[in-house]
file data-v7.pdb (PDB, C-alpha atoms and all ligand atoms)
ATOM      1  CA  MET A 140      50.009  30.946  27.796
ATOM      2  CA  GLY A 141      48.449  29.786  24.591
ATOM      3  CA  VAL A 142      45.452  27.469  24.940
ATOM      4  CA  MET A 143      42.897  30.223  25.295
ATOM      5  CA  ARG A 144      40.356  31.056  22.606
ATOM      6  CA  TYR A 145      41.160  34.417  21.085
ATOM      7  CA  GLU A 146      39.469  36.586  18.519
ATOM      8  CA  GLY A 147      41.835  37.835  15.818
ATOM      9  CA  SER A 148      45.524  38.545  16.398
ATOM     10  CA  VAL A 149      46.500  39.254  19.980
ATOM     11  CA  TYR A 150      49.276  41.677  20.897
ATOM     12  CA  ARG A 151      50.988  42.274  24.220
ATOM     13  CA  PRO A 152      54.108  44.132  25.364
ATOM     14  CA  PRO A 153      57.301  41.993  25.280
ATOM     15  CA  SER A 154      57.498  42.022  29.083
ATOM     16  CA  GLU A 155      54.085  40.325  29.301
ATOM     17  CA  ALA A 156      55.282  37.131  27.588
ATOM     18  CA  ASP A 157      54.437  34.972  30.611
ATOM     19  CA  SER A 158      51.126  36.627  31.397
ATOM     20  CA  LEU A 159      47.689  35.217  30.809
ATOM     21  CA  ILE A 160      46.200  37.386  28.057
ATOM     22  CA  LEU A 161      42.560  38.133  28.700
ATOM     23  CA  GLN A 162      40.618  39.948  25.984
ATOM     24  CA  ALA A 163      38.506  42.347  28.019
ATOM     25  CA  THR A 164      37.873  44.329  24.838
ATOM     26  CA  LEU A 165      38.367  43.581  21.163
ATOM     27  CA  GLY A 166      40.283  45.959  18.920
ATOM     28  CA  CYS A 167      41.100  49.551  19.807
ATOM     29  CA  SER A 168      38.428  52.170  20.413
ATOM     30  CA  TYR A 169      40.651  54.808  18.810
ATOM     31  CA  ASN A 170      42.296  52.812  15.985
ATOM     32  CA  ARG A 171      43.587  55.798  14.027
ATOM     33  CA  CYS A 172      47.350  55.989  14.688
ATOM     34  CA  THR A 173      48.891  55.983  11.193
ATOM     35  CA  TYR A 174      51.672  53.462  11.921
ATOM     36  CA  CYS A 175      49.549  50.941  13.816
ATOM     37  CA  ALA A 176      48.292  47.845  12.053
ATOM     38  CA  MET A 177      47.365  45.896  15.153
ATOM     39  CA  TYR A 178      43.605  46.190  15.096
ATOM     40  CA  ARG A 179      42.723  47.559  11.644
ATOM     41  CA  ALA A 180      40.689  44.491  10.833
ATOM     42  CA  LYS A 181      38.787  44.473  14.133
ATOM     43  CA  ARG A 182      35.744  46.455  15.122
ATOM     44  CA  PHE A 183      36.059  47.690  18.688
ATOM     45  CA  ARG A 184      33.736  46.197  21.272
ATOM     46  CA  PRO A 185      33.854  45.293  24.948
ATOM     47  CA  ARG A 186      33.721  41.538  25.577
ATOM     48  CA  ASP A 187      30.666  40.152  27.294
ATOM     49  CA  LEU A 188      31.361  39.648  31.010
ATOM     50  CA  ASP A 189      30.020  36.072  31.002
ATOM     51  CA  GLU A 190      32.309  35.178  28.104
ATOM     52  CA  LEU A 191      35.195  36.689  29.996
ATOM     53  CA  ARG A 192      34.368  34.615  33.076
ATOM     54  CA  GLU A 193      34.332  31.491  30.902
ATOM     55  CA  ASP A 194      37.834  32.424  29.695
ATOM     56  CA  MET A 195      38.975  32.855  33.310
ATOM     57  CA  ASP A 196      37.477  29.477  34.277
ATOM     58  CA  LEU A 197      39.175  27.827  31.312
ATOM     59  CA  ALA A 198      42.526  29.320  32.350
ATOM     60  CA  ALA A 199      41.961  28.198  35.957
ATOM     61  CA  SER A 200      41.260  24.625  34.807
ATOM     62  CA  VAL A 201      44.281  24.530  32.476
ATOM     63  CA  TYR A 202      46.907  26.268  34.621
ATOM     64  CA  GLY A 203      45.407  25.744  38.068
ATOM     65  CA  PRO A 204      44.293  28.618  40.310
ATOM     66  CA  ARG A 205      47.868  29.179  41.504
ATOM     67  CA  GLY A 206      49.297  28.894  37.985
ATOM     68  CA  VAL A 207      48.212  32.374  36.950
ATOM     69  CA  ARG A 208      50.316  35.113  38.530
ATOM     70  CA  ARG A 209      50.119  37.809  35.894
ATOM     71  CA  VAL A 210      47.312  38.888  33.625
ATOM     72  CA  PHE A 211      47.415  41.283  30.700
ATOM     73  CA  LEU A 212      44.084  42.823  29.756
ATOM     74  CA  ALA A 213      43.906  43.040  25.950
ATOM     75  CA  ASP A 214      43.282  44.304  23.279
ATOM     76  CA  GLY A 215      44.495  47.800  22.375
ATOM     77  CA  ASP A 216      42.991  49.891  25.130
ATOM     78  CA  ALA A 217      40.953  47.855  27.602
ATOM     79  CA  LEU A 218      41.347  50.776  30.010
ATOM     80  CA  ILE A 219      38.587  52.507  28.043
ATOM     81  CA  LEU A 220      36.058  50.290  29.870
ATOM     82  CA  ARG A 221      34.107  51.986  32.632
ATOM     83  CA  THR A 222      35.864  51.856  36.001
ATOM     84  CA  ALA A 223      32.999  49.850  37.547
ATOM     85  CA  ARG A 224      33.343  47.185  34.834
ATOM     86  CA  LEU A 225      37.122  47.022  35.252
ATOM     87  CA  LEU A 226      36.727  46.644  39.031
ATOM     88  CA  GLU A 227      34.311  43.796  38.424
ATOM     89  CA  ILE A 228      36.792  42.046  36.107
ATOM     90  CA  LEU A 229      39.604  42.526  38.634
ATOM     91  CA  GLY A 230      37.411  41.101  41.397
ATOM     92  CA  ASP A 231      36.563  38.071  39.248
ATOM     93  CA  LEU A 232      40.257  37.506  38.569
ATOM     94  CA  ARG A 233      41.235  37.721  42.242
ATOM     95  CA  ALA A 234      38.439  35.314  43.181
ATOM     96  CA  ARG A 235      39.759  32.686  40.762
ATOM     97  CA  PHE A 236      43.515  33.198  41.034
ATOM     98  CA  PRO A 237      44.697  33.595  44.635
ATOM     99  CA  GLY A 238      48.330  33.837  43.500
ATOM    100  CA  LEU A 239      47.629  36.781  41.189
ATOM    101  CA  GLY A 240      50.445  39.302  41.445
ATOM    102  CA  ARG A 241      49.812  41.980  38.886
ATOM    103  CA  VAL A 242      47.368  42.883  36.187
ATOM    104  CA  SER A 243      48.463  45.203  33.397
ATOM    105  CA  VAL A 244      46.902  46.967  30.451
ATOM    106  CA  TYR A 245      47.657  49.066  27.364
ATOM    107  CA  ALA A 246      46.578  52.576  28.259
ATOM    108  CA  SER A 247      45.793  54.657  25.199
ATOM    109  CA  PRO A 248      46.060  58.407  25.915
ATOM    110  CA  GLN A 249      42.329  58.699  25.293
ATOM    111  CA  SER A 250      41.529  56.022  27.858
ATOM    112  CA  LEU A 251      43.818  57.645  30.448
ATOM    113  CA  LEU A 252      42.197  61.033  30.000
ATOM    114  CA  ALA A 253      38.822  59.421  30.627
ATOM    115  CA  LYS A 254      39.956  58.300  34.105
ATOM    116  CA  SER A 255      40.677  60.492  37.114
ATOM    117  CA  THR A 256      43.705  59.942  39.338
ATOM    118  CA  ASP A 257      41.315  58.656  42.012
ATOM    119  CA  GLU A 258      39.837  56.106  39.632
ATOM    120  CA  ILE A 259      43.316  54.891  38.670
ATOM    121  CA  ARG A 260      44.174  54.683  42.368
ATOM    122  CA  GLU A 261      41.082  52.554  42.937
ATOM    123  CA  LEU A 262      41.964  50.299  40.002
ATOM    124  CA  THR A 263      45.532  49.974  41.223
ATOM    125  CA  ALA A 264      44.338  48.966  44.691
ATOM    126  CA  ALA A 265      42.197  46.303  42.985
ATOM    127  CA  GLY A 266      45.271  44.892  41.223
ATOM    128  CA  LEU A 267      45.609  46.827  37.948
ATOM    129  CA  SER A 268      49.061  48.093  38.727
ATOM    130  CA  MET A 269      50.918  48.423  35.404
ATOM    131  CA  TYR A 270      49.979  50.767  32.541
ATOM    132  CA  TYR A 271      51.670  50.707  29.119
ATOM    133  CA  LEU A 272      51.449  54.006  27.276
ATOM    134  CA  GLY A 273      52.790  54.558  23.759
ATOM    135  CA  PRO A 274      53.037  58.284  22.981
ATOM    136  CA  GLU A 275      55.761  57.337  20.435
ATOM    137  CA  SER A 276      56.926  60.969  20.282
ATOM    138  CA  GLY A 277      56.870  64.102  22.376
ATOM    139  CA  HIS A 278      56.990  66.418  19.370
ATOM    140  CA  PRO A 279      53.732  68.244  18.557
ATOM    141  CA  VAL A 280      54.174  68.053  14.770
ATOM    142  CA  VAL A 281      55.072  64.367  14.843
ATOM    143  CA  LEU A 282      52.106  63.643  17.115
ATOM    144  CA  GLU A 283      49.848  65.335  14.623
ATOM    145  CA  ARG A 284      51.370  63.536  11.637
ATOM    146  CA  ILE A 285      50.948  60.106  13.209
ATOM    147  CA  ALA A 286      47.385  61.065  14.242
ATOM    148  CA  LYS A 287      47.920  60.252  17.905
ATOM    149  CA  GLY A 288      44.773  62.263  18.602
ATOM    150  CA  VAL A 289      46.154  64.107  21.635
ATOM    151  CA  THR A 290      48.583  66.938  22.346
ATOM    152  CA  ARG A 291      51.876  66.620  24.195
ATOM    153  CA  GLU A 292      50.254  68.333  27.177
ATOM    154  CA  GLN A 293      47.426  65.810  27.215
ATOM    155  CA  LEU A 294      49.929  62.952  27.054
ATOM    156  CA  VAL A 295      51.721  64.318  30.090
ATOM    157  CA  ASP A 296      48.415  64.856  31.880
ATOM    158  CA  GLY A 297      47.349  61.228  31.281
ATOM    159  CA  ALA A 298      50.737  59.842  32.289
ATOM    160  CA  ARG A 299      50.835  61.887  35.488
ATOM    161  CA  ARG A 300      47.482  60.477  36.547
ATOM    162  CA  VAL A 301      49.088  57.007  36.603
ATOM    163  CA  VAL A 302      52.215  58.195  38.395
ATOM    164  CA  ASP A 303      50.235  60.263  40.919
ATOM    165  CA  ALA A 304      47.998  57.271  41.613
ATOM    166  CA  GLY A 305      51.099  55.320  42.658
ATOM    167  CA  ALA A 306      50.823  52.857  39.761
ATOM    168  CA  LYS A 307      53.614  51.716  37.458
ATOM    169  CA  LEU A 308      53.873  53.492  34.130
ATOM    170  CA  SER A 309      55.757  52.049  31.165
ATOM    171  CA  VAL A 310      56.257  54.428  28.227
ATOM    172  CA  MET A 311      57.162  53.439  24.684
ATOM    173  CA  LEU A 312      58.803  55.725  22.109
ATOM    174  CA  LEU A 313      59.349  55.090  18.414
ATOM    175  CA  LEU A 314      62.735  55.813  16.855
ATOM    176  CA  GLY A 315      62.493  57.157  13.326
ATOM    177  CA  VAL A 316      58.831  58.082  13.442
ATOM    178  CA  GLY A 317      59.588  61.760  12.685
ATOM    179  CA  GLY A 318      61.552  60.856   9.562
ATOM    180  CA  VAL A 319      64.885  62.407   8.615
ATOM    181  CA  GLU A 320      63.334  65.863   8.627
ATOM    182  CA  LEU A 321      62.333  65.894  12.315
ATOM    183  CA  SER A 322      64.783  63.293  13.621
ATOM    184  CA  HIS A 323      66.632  65.581  16.032
ATOM    185  CA  GLU A 324      63.565  67.535  17.171
ATOM    186  CA  HIS A 325      61.650  64.295  17.738
ATOM    187  CA  ALA A 326      64.538  62.941  19.828
ATOM    188  CA  VAL A 327      64.805  66.034  22.043
ATOM    189  CA  ALA A 328      61.038  66.389  22.526
ATOM    190  CA  SER A 329      60.631  62.674  23.311
ATOM    191  CA  GLY A 330      63.445  62.746  25.861
ATOM    192  CA  THR A 331      61.978  65.756  27.652
ATOM    193  CA  LEU A 332      58.527  64.144  27.495
ATOM    194  CA  ILE A 333      59.915  61.316  29.630
ATOM    195  CA  THR A 334      61.341  63.868  32.050
ATOM    196  CA  GLU A 335      57.872  65.387  32.426
ATOM    197  CA  MET A 336      56.120  62.021  32.760
ATOM    198  CA  GLN A 337      58.530  60.337  35.213
ATOM    199  CA  PRO A 338      57.600  56.746  34.273
ATOM    200  CA  ARG A 339      59.055  53.658  35.992
ATOM    201  CA  PHE A 340      59.934  52.008  32.649
ATOM    202  CA  VAL A 341      60.926  53.475  29.279
ATOM    203  CA  SER A 342      61.504  51.648  26.032
ATOM    204  CA  THR A 343      62.511  52.750  22.568
ATOM    205  CA  LEU A 344      61.440  50.649  19.608
ATOM    206  CA  THR A 345      62.270  51.293  15.957
ATOM    207  CA  VAL A 346      59.428  52.258  13.678
ATOM    208  CA  THR A 347      58.666  49.535  11.134
ATOM    209  CA  PRO A 348      56.341  50.510   8.294
ATOM    210  CA  VAL A 349      53.641  47.848   8.112
ATOM    211  CA  PRO A 350      52.101  47.442   4.650
ATOM    212  CA  GLY A 351      48.528  48.652   4.541
ATOM    213  CA  THR A 352      49.034  51.482   7.041
ATOM    214  CA  PRO A 353      48.994  55.204   6.118
ATOM    215  CA  PHE A 354      52.508  55.424   7.583
ATOM    216  CA  ALA A 355      53.829  52.777   5.167
ATOM    217  CA  ASP A 356      52.133  54.628   2.273
ATOM    218  CA  GLU A 357      53.919  57.845   3.243
ATOM    219  CA  VAL A 358      57.255  56.034   3.270
ATOM    220  CA  ALA A 359      56.554  54.224  -0.030
ATOM    221  CA  SER A 360      55.597  57.470  -1.757
ATOM    222  CA  GLY A 361      58.727  59.231  -0.518
ATOM    223  CA  ARG A 362      56.758  61.829   1.461
ATOM    224  CA  LEU A 363      58.486  60.550   4.588
ATOM    225  CA  VAL A 364      62.124  59.486   4.504
ATOM    226  CA  LEU A 365      63.207  57.244   7.368
ATOM    227  CA  PRO A 366      66.592  57.847   9.046
ATOM    228  CA  ASP A 367      69.270  55.246   8.252
ATOM    229  CA  ASP A 368      70.708  52.898  10.881
ATOM    230  CA  ARG A 369      73.418  55.222  12.213
ATOM    231  CA  ALA A 370      71.059  58.205  12.249
ATOM    232  CA  LEU A 371      68.607  56.145  14.313
ATOM    233  CA  LEU A 372      71.345  55.433  16.846
ATOM    234  CA  ARG A 373      72.082  59.156  17.074
ATOM    235  CA  GLU A 374      68.369  59.785  17.579
ATOM    236  CA  GLN A 375      68.285  57.208  20.372
ATOM    237  CA  ARG A 376      71.332  58.779  21.995
ATOM    238  CA  THR A 377      69.796  62.265  21.931
ATOM    239  CA  MET A 378      66.542  60.897  23.339
ATOM    240  CA  ILE A 379      68.276  59.270  26.316
ATOM    241  CA  GLU A 380      70.442  62.346  26.827
ATOM    242  CA  HIS A 381      67.284  64.388  27.453
ATOM    243  CA  MET A 382      65.672  61.903  29.841
ATOM    244  CA  ASP A 383      65.998  63.073  33.421
ATOM    245  CA  CYS A 384      64.265  60.330  35.399
ATOM    246  CA  ARG A 385      64.603  57.255  37.573
ATOM    247  CA  ALA A 386      63.554  54.407  35.336
ATOM    248  CA  VAL A 387      64.465  51.094  33.820
ATOM    249  CA  TYR A 388      65.368  51.714  30.184
ATOM    250  CA  ARG A 389      65.056  49.054  27.490
ATOM    251  CA  GLY A 390      66.192  49.315  23.904
ATOM    252  CA  ASN A 391      66.317  45.593  23.194
ATOM    253  CA  HIS A 392      63.126  45.005  21.236
ATOM    254  CA  ALA A 393      63.396  42.830  18.105
ATOM    255  CA  SER A 394      63.142  46.032  16.055
ATOM    256  CA  ASN A 395      66.257  47.548  17.666
ATOM    257  CA  MET A 396      69.556  47.200  15.809
ATOM    258  CA  LEU A 397      71.750  47.494  18.879
ATOM    259  CA  PRO A 398      70.236  45.852  21.951
ATOM    260  CA  VAL A 399      70.945  48.100  24.930
ATOM    261  CA  GLY A 400      69.385  48.653  28.321
ATOM    262  CA  GLY A 401      70.046  49.803  31.843
ATOM    263  CA  THR A 402      68.858  51.842  34.757
ATOM    264  CA  LEU A 403      68.504  55.607  34.558
ATOM    265  CA  PRO A 404      70.217  57.734  35.657
ATOM    266  CA  ALA A 405      73.032  55.397  36.799
ATOM    267  CA  ASP A 406      73.697  53.814  33.390
ATOM    268  CA  LYS A 407      73.115  56.944  31.331
ATOM    269  CA  PRO A 408      76.805  57.754  30.681
ATOM    270  CA  LYS A 409      77.438  54.151  29.605
ATOM    271  CA  LEU A 410      74.398  54.093  27.313
ATOM    272  CA  LEU A 411      75.324  57.421  25.718
ATOM    273  CA  ALA A 412      78.894  56.270  25.113
ATOM    274  CA  LEU A 413      77.748  52.958  23.608
ATOM    275  CA  LEU A 414      75.320  54.646  21.236
ATOM    276  CA  GLU A 415      77.801  57.366  20.307
ATOM    277  CA  HIS A 416      80.384  54.752  19.451
ATOM    278  CA  ALA A 417      77.967  52.622  17.416
ATOM    279  CA  ALA A 418      76.618  55.674  15.581
ATOM    280  CA  ASN A 419      80.076  56.792  14.472
ATOM    281  CA  ASP A 420      81.924  53.544  13.922
ATOM    282  CA  GLU A 421      80.787  51.673  10.832
ATOM    283  CA  SER A 422      82.621  48.567  12.017
ATOM    284  CA  VAL A 423      80.143  48.066  14.894
ATOM    285  CA  ARG A 424      77.903  45.227  13.763
ATOM    286  CA  LEU A 425      74.183  45.969  13.951
ATOM    287  CA  ARG A 426      71.290  43.529  13.956
ATOM    288  CA  PRO A 427      69.482  43.285  10.615
ATOM    289  CA  ARG A 428      66.077  44.920  10.377
ATOM    290  CA  VAL A 429      63.211  42.521  11.011
ATOM    291  CA  SER A 430      60.202  42.273   8.770
ATOM    292  CA  PRO A 431      56.928  43.583  10.255
ATOM    293  CA  ASP A 432      55.408  40.107  10.528
ATOM    294  CA  ARG A 433      58.168  39.068  12.931
ATOM    295  CA  LEU A 434      57.440  41.830  15.425
TER     296      LEU A 434
HETATM  297  S1  LIG B 501      45.940  53.743  20.423
HETATM  298 FE1  LIG B 501      47.409  52.016  20.318
HETATM  299  S2  LIG B 501      46.218  50.253  19.542
HETATM  300 FE2  LIG B 501      45.008  52.121  19.147
HETATM  301  S3  LIG B 501      45.541  52.706  17.035
HETATM  302 FE3  LIG B 501      46.922  53.845  18.393
HETATM  303  S4  LIG B 501      48.763  52.543  18.600
HETATM  304 FE4  LIG B 501      47.121  51.244  17.738
END
call {"tool": "encode", "arguments": {"input": "data-v7.pdb", "output": "structure tokens"}}
result
Amino acid sequence: MGVMRYEGSVYRPPSEADSLILQATLGCSYNRCTYCAMYRAKRFRPRDLDELREDMDLAASVYGPRGVRRVFLADGDALILRTARLLEILGDLRARFPGLGRVSVYASPQSLLAKSTDEIRELTAAGLSMYYLGPESGHPVVLERIAKGVTREQLVDGARRVVDAGAKLSVMLLLGVGGVELSHEHAVASGTLITEMQPRFVSTLTVTPVPGTPFADEVASGRLVLPDDRALLREQRTMIEHMDCRAVYRGNHASNMLPVGGTLPADKPKLLALLEHAANDESVRLRPRVSPDRL
């Protein structure tokens, strides 16, 4: 849905491709993760409610009130807004779009920890039913190195608030983010993190150093060595092996070399076998790496 006026680059999860993107906030209130280039150029601020209503009216006139079924609240962590403000936005959306099915949002760990389970329950009842969380790793050292700003325990705490509130949680992990040095440990700790969180959706993306980020500097200087293609597949296999959950798993992002996916736990043996085979057989063709500007 692309006729809206947007400030700066707009990002959304791949599964929100057909959603109306509404910029409830600009930038990311945290903005310190070392690998993230999404909002470096933007200063965080909540959007003015009247401006937001104008955006909603514009969307209603372009797509028709019944033409908007899904809305994604951007930018990086719109969940950081006060609950009362979010409820107001959700009410405004429902008033304009009677066919609205679901509203979703990126949930930074910091924004989740600022909300109680009851608040998330209230938001979910008002339509905000899908939360995308990107811990990227479950390993304490990796979390510190990428400056996630929270501990593993805090990540689990935030995630459980969503799950306990009965909302849908989608968790994203980053293959390769621990480098060669912590590849195996990162894989095990990220798999068990999923077991503790019990999300409805899990996806693994491959870390792509974006020029201008501290992460890319570490790679360029040789302080961090990224695992090669086959090592990344082994990492992915170990990660899935340690996930004990009922979830839809996706490993088919543009950054992934071998597009795979399925339902856990039913497809786990198949996924493990596929990844094992691809990791050990050089004749298995992998997708070329994509440049950061194509992600
Ligand atoms: S919380 Fe998300 S949007 Fe904000 S800096 Fe980290 S990865 Fe980027």
call {"tool": "residues_around", "arguments": {"input": "data-v7.pdb", "residues": "Leu272 of chain A", "least_positions_apart": "2", "cutoff": "10 Å", "atoms": "only C-alpha atoms", "output": "MDAnalysis selection string"}}
result
chainID A and resid 216 244:248 251 269:270 274:275 294 297:298 308:312 338 341
call {"tool": "residues_near_ligand", "arguments": {"input": "data-v7.pdb", "ligand": "ligand LIG 501 (chain B)", "cutoff": "9 Å", "atoms": "all atoms listed in the file", "output": "PyMOL selection string"}}
result
chain A and resi 166-179+214-216+245-250+272-275+286-288
call {"tool": "axis_aligned_box", "arguments": {"input": "data-v7.pdb", "around": "segment 343-361 of chain A", "padding_each_side": "6 Å", "output": "JSON"}}
result
{"center_x": 55.5, "center_y": 53.3, "center_z": 10.4, "size_x": 26.0, "size_y": 23.8, "size_z": 36.3}
call {"tool": "resolve_selection", "arguments": {"input": "data-v7.pdb", "expression": "the PyMOL selection byres (((chain A and resi 259) around 10) and not hetatm)", "output": "list of chain:residue names"}}
result
A:Leu218, A:Thr222, A:Leu251, A:Lys254, A:Ser255, A:Thr256, A:Asp257, A:Glu258, A:Arg260, A:Glu261, A:Leu262, A:Thr263, A:Ala264, A:Ala265, A:Leu267, A:Ser268, A:Tyr270, A:Arg300, A:Val301, A:Val302, A:Asp303, A:Ala304, A:Gly305, A:Ala306
call {"tool": "closest_residue", "arguments": {"input": "data-v7.pdb", "among": "A:Val327, A:Leu344, A:Ile379, A:Ala386", "to": "Ala412 of chain A", "atoms": "only C-alpha atoms"}}
result
A:Ile379
call {"tool": "atom_distance", "arguments": {"input": "data-v7.pdb", "atom1": "atom CA of Val346 of chain A", "atom2": "atom CA of Ser394 of chain A"}}
result
7.6 Å
call {"tool": "closest_residue", "arguments": {"input": "data-v7.pdb", "among": "A:Leu159, A:Leu226, A:Leu165, A:Ala393", "to": "Met195 of chain A", "atoms": "all atoms listed in the file"}}
result
A:Leu159
call {"tool": "residues_around", "arguments": {"input": "data-v7.pdb", "residues": "Asp187 of chain A", "least_positions_apart": "3", "cutoff": "12 Å", "atoms": "all atoms listed in the file", "output": "PyMOL selection string"}}
result
chain A and resi 162-165+184+190-194+220+224+228
call {"tool": "residues_around", "arguments": {"input": "data-v7.pdb", "residues": "Arg376 of chain A", "least_positions_apart": "5", "cutoff": "10 Å", "atoms": "all atoms listed in the file", "output": "list of chain:residue names"}}
result
A:Ala326, A:Val327, A:Gly330, A:Ala370, A:Leu371, A:His381, A:Lys407, A:Leu410, A:Leu411, A:Ala412, A:Leu413, A:Leu414, A:Glu415, A:Ala418
call {"tool": "resolve_selection", "arguments": {"input": "data-v7.pdb", "expression": "the PyMOL selection byres (((chain A and resi 197) around 12) and not hetatm)", "output": "PyMOL selection string"}}
result
chain A and resi 140-144+159+161+190-196+198-204+207+235-236
call {"tool": "closest_residue", "arguments": {"input": "data-v7.pdb", "among": "A:Leu372, A:Val316, A:Ala405, A:Leu332", "to": "Leu425 of chain A", "atoms": "only C-alpha atoms"}}
result
A:Leu372
call {"tool": "resolve_selection", "arguments": {"input": "data-v7.pdb", "expression": "the PyMOL selection byres (((chain A and resi 279) around 9) and not hetatm)", "output": "ChimeraX atom specification"}}
result
/A:276-278,280-284,290-291,325,328
call {"tool": "atom_distance", "arguments": {"input": "data-v7.pdb", "atom1": "atom CA of Asn391 of chain A", "atom2": "atom CA of Leu212 of chain A"}}
result
23.3 Å
call {"tool": "atom_distance", "arguments": {"input": "data-v7.pdb", "atom1": "atom CA of Glu320 of chain A", "atom2": "atom CA of Val423 of chain A"}}
result
25.3 Å
call {"tool": "decode", "arguments": {"input": "data-v7.pdb", "residues": "segment 227-248 of chain A", "atoms": "N, CA and C atoms", "output": "short mmCIF file (atom, residue, chain, number, x, y, z; two decimals), in the first residue's frame"}}
result
data_model
loop_
_atom_site.label_atom_id
_atom_site.label_comp_id
_atom_site.auth_asym_id
_atom_site.auth_seq_id
_atom_site.Cartn_x
_atom_site.Cartn_y
_atom_site.Cartn_z
N GLU A 227 -6.20 4.86 21.82
CA GLU A 227 -6.86 5.90 21.04
C GLU A 227 -6.66 5.66 19.53
N ILE A 228 -5.41 5.34 19.17
CA ILE A 228 -5.09 5.07 17.76
C ILE A 228 -5.89 3.87 17.26
N LEU A 229 -5.96 2.83 18.08
CA LEU A 229 -6.68 1.61 17.68
C LEU A 229 -8.18 1.91 17.52
N GLY A 230 -8.71 2.74 18.40
CA GLY A 230 -10.11 3.14 18.29
C GLY A 230 -10.37 3.93 17.02
N ASP A 231 -9.47 4.84 16.70
CA ASP A 231 -9.58 5.63 15.46
C ASP A 231 -9.55 4.73 14.23
N LEU A 232 -8.69 3.72 14.28
CA LEU A 232 -8.58 2.80 13.14
C LEU A 232 -9.88 2.02 12.96
N ARG A 233 -10.39 1.49 14.08
CA ARG A 233 -11.62 0.67 14.00
C ARG A 233 -12.79 1.50 13.50
N ALA A 234 -12.83 2.79 13.91
CA ALA A 234 -13.92 3.66 13.50
C ALA A 234 -13.90 3.90 11.99
N ARG A 235 -12.71 3.91 11.41
CA ARG A 235 -12.62 4.20 9.97
C ARG A 235 -12.65 2.95 9.09
N PHE A 236 -12.15 1.84 9.64
CA PHE A 236 -12.02 0.63 8.81
C PHE A 236 -12.80 -0.53 9.44
N PRO A 237 -14.06 -0.67 9.09
CA PRO A 237 -14.88 -1.72 9.72
C PRO A 237 -14.39 -3.13 9.39
N GLY A 238 -13.63 -3.28 8.30
CA GLY A 238 -13.15 -4.63 7.96
C GLY A 238 -11.80 -4.96 8.57
N LEU A 239 -11.33 -4.11 9.49
CA LEU A 239 -9.99 -4.28 10.05
C LEU A 239 -9.86 -5.61 10.79
N GLY A 240 -8.90 -6.42 10.36
CA GLY A 240 -8.71 -7.72 11.00
C GLY A 240 -7.67 -7.66 12.09
N ARG A 241 -6.45 -7.29 11.72
CA ARG A 241 -5.42 -7.26 12.76
C ARG A 241 -4.50 -6.05 12.61
N VAL A 242 -4.03 -5.61 13.74
CA VAL A 242 -3.04 -4.55 13.78
C VAL A 242 -1.80 -5.15 14.43
N SER A 243 -0.63 -4.84 13.86
CA SER A 243 0.60 -5.41 14.40
C SER A 243 1.65 -4.33 14.59
N VAL A 244 2.72 -4.70 15.30
CA VAL A 244 3.70 -3.69 15.69
C VAL A 244 5.05 -4.36 15.95
N TYR A 245 6.15 -3.63 15.70
CA TYR A 245 7.46 -4.08 16.18
C TYR A 245 7.48 -3.81 17.67
N ALA A 246 7.87 -4.81 18.44
CA ALA A 246 7.92 -4.64 19.89
C ALA A 246 9.38 -4.74 20.33
N SER A 247 10.01 -3.61 20.56
CA SER A 247 11.39 -3.68 21.06
C SER A 247 11.31 -4.24 22.49
N PRO A 248 12.38 -4.91 22.95
CA PRO A 248 12.34 -5.44 24.32
C PRO A 248 12.02 -4.35 25.33
#
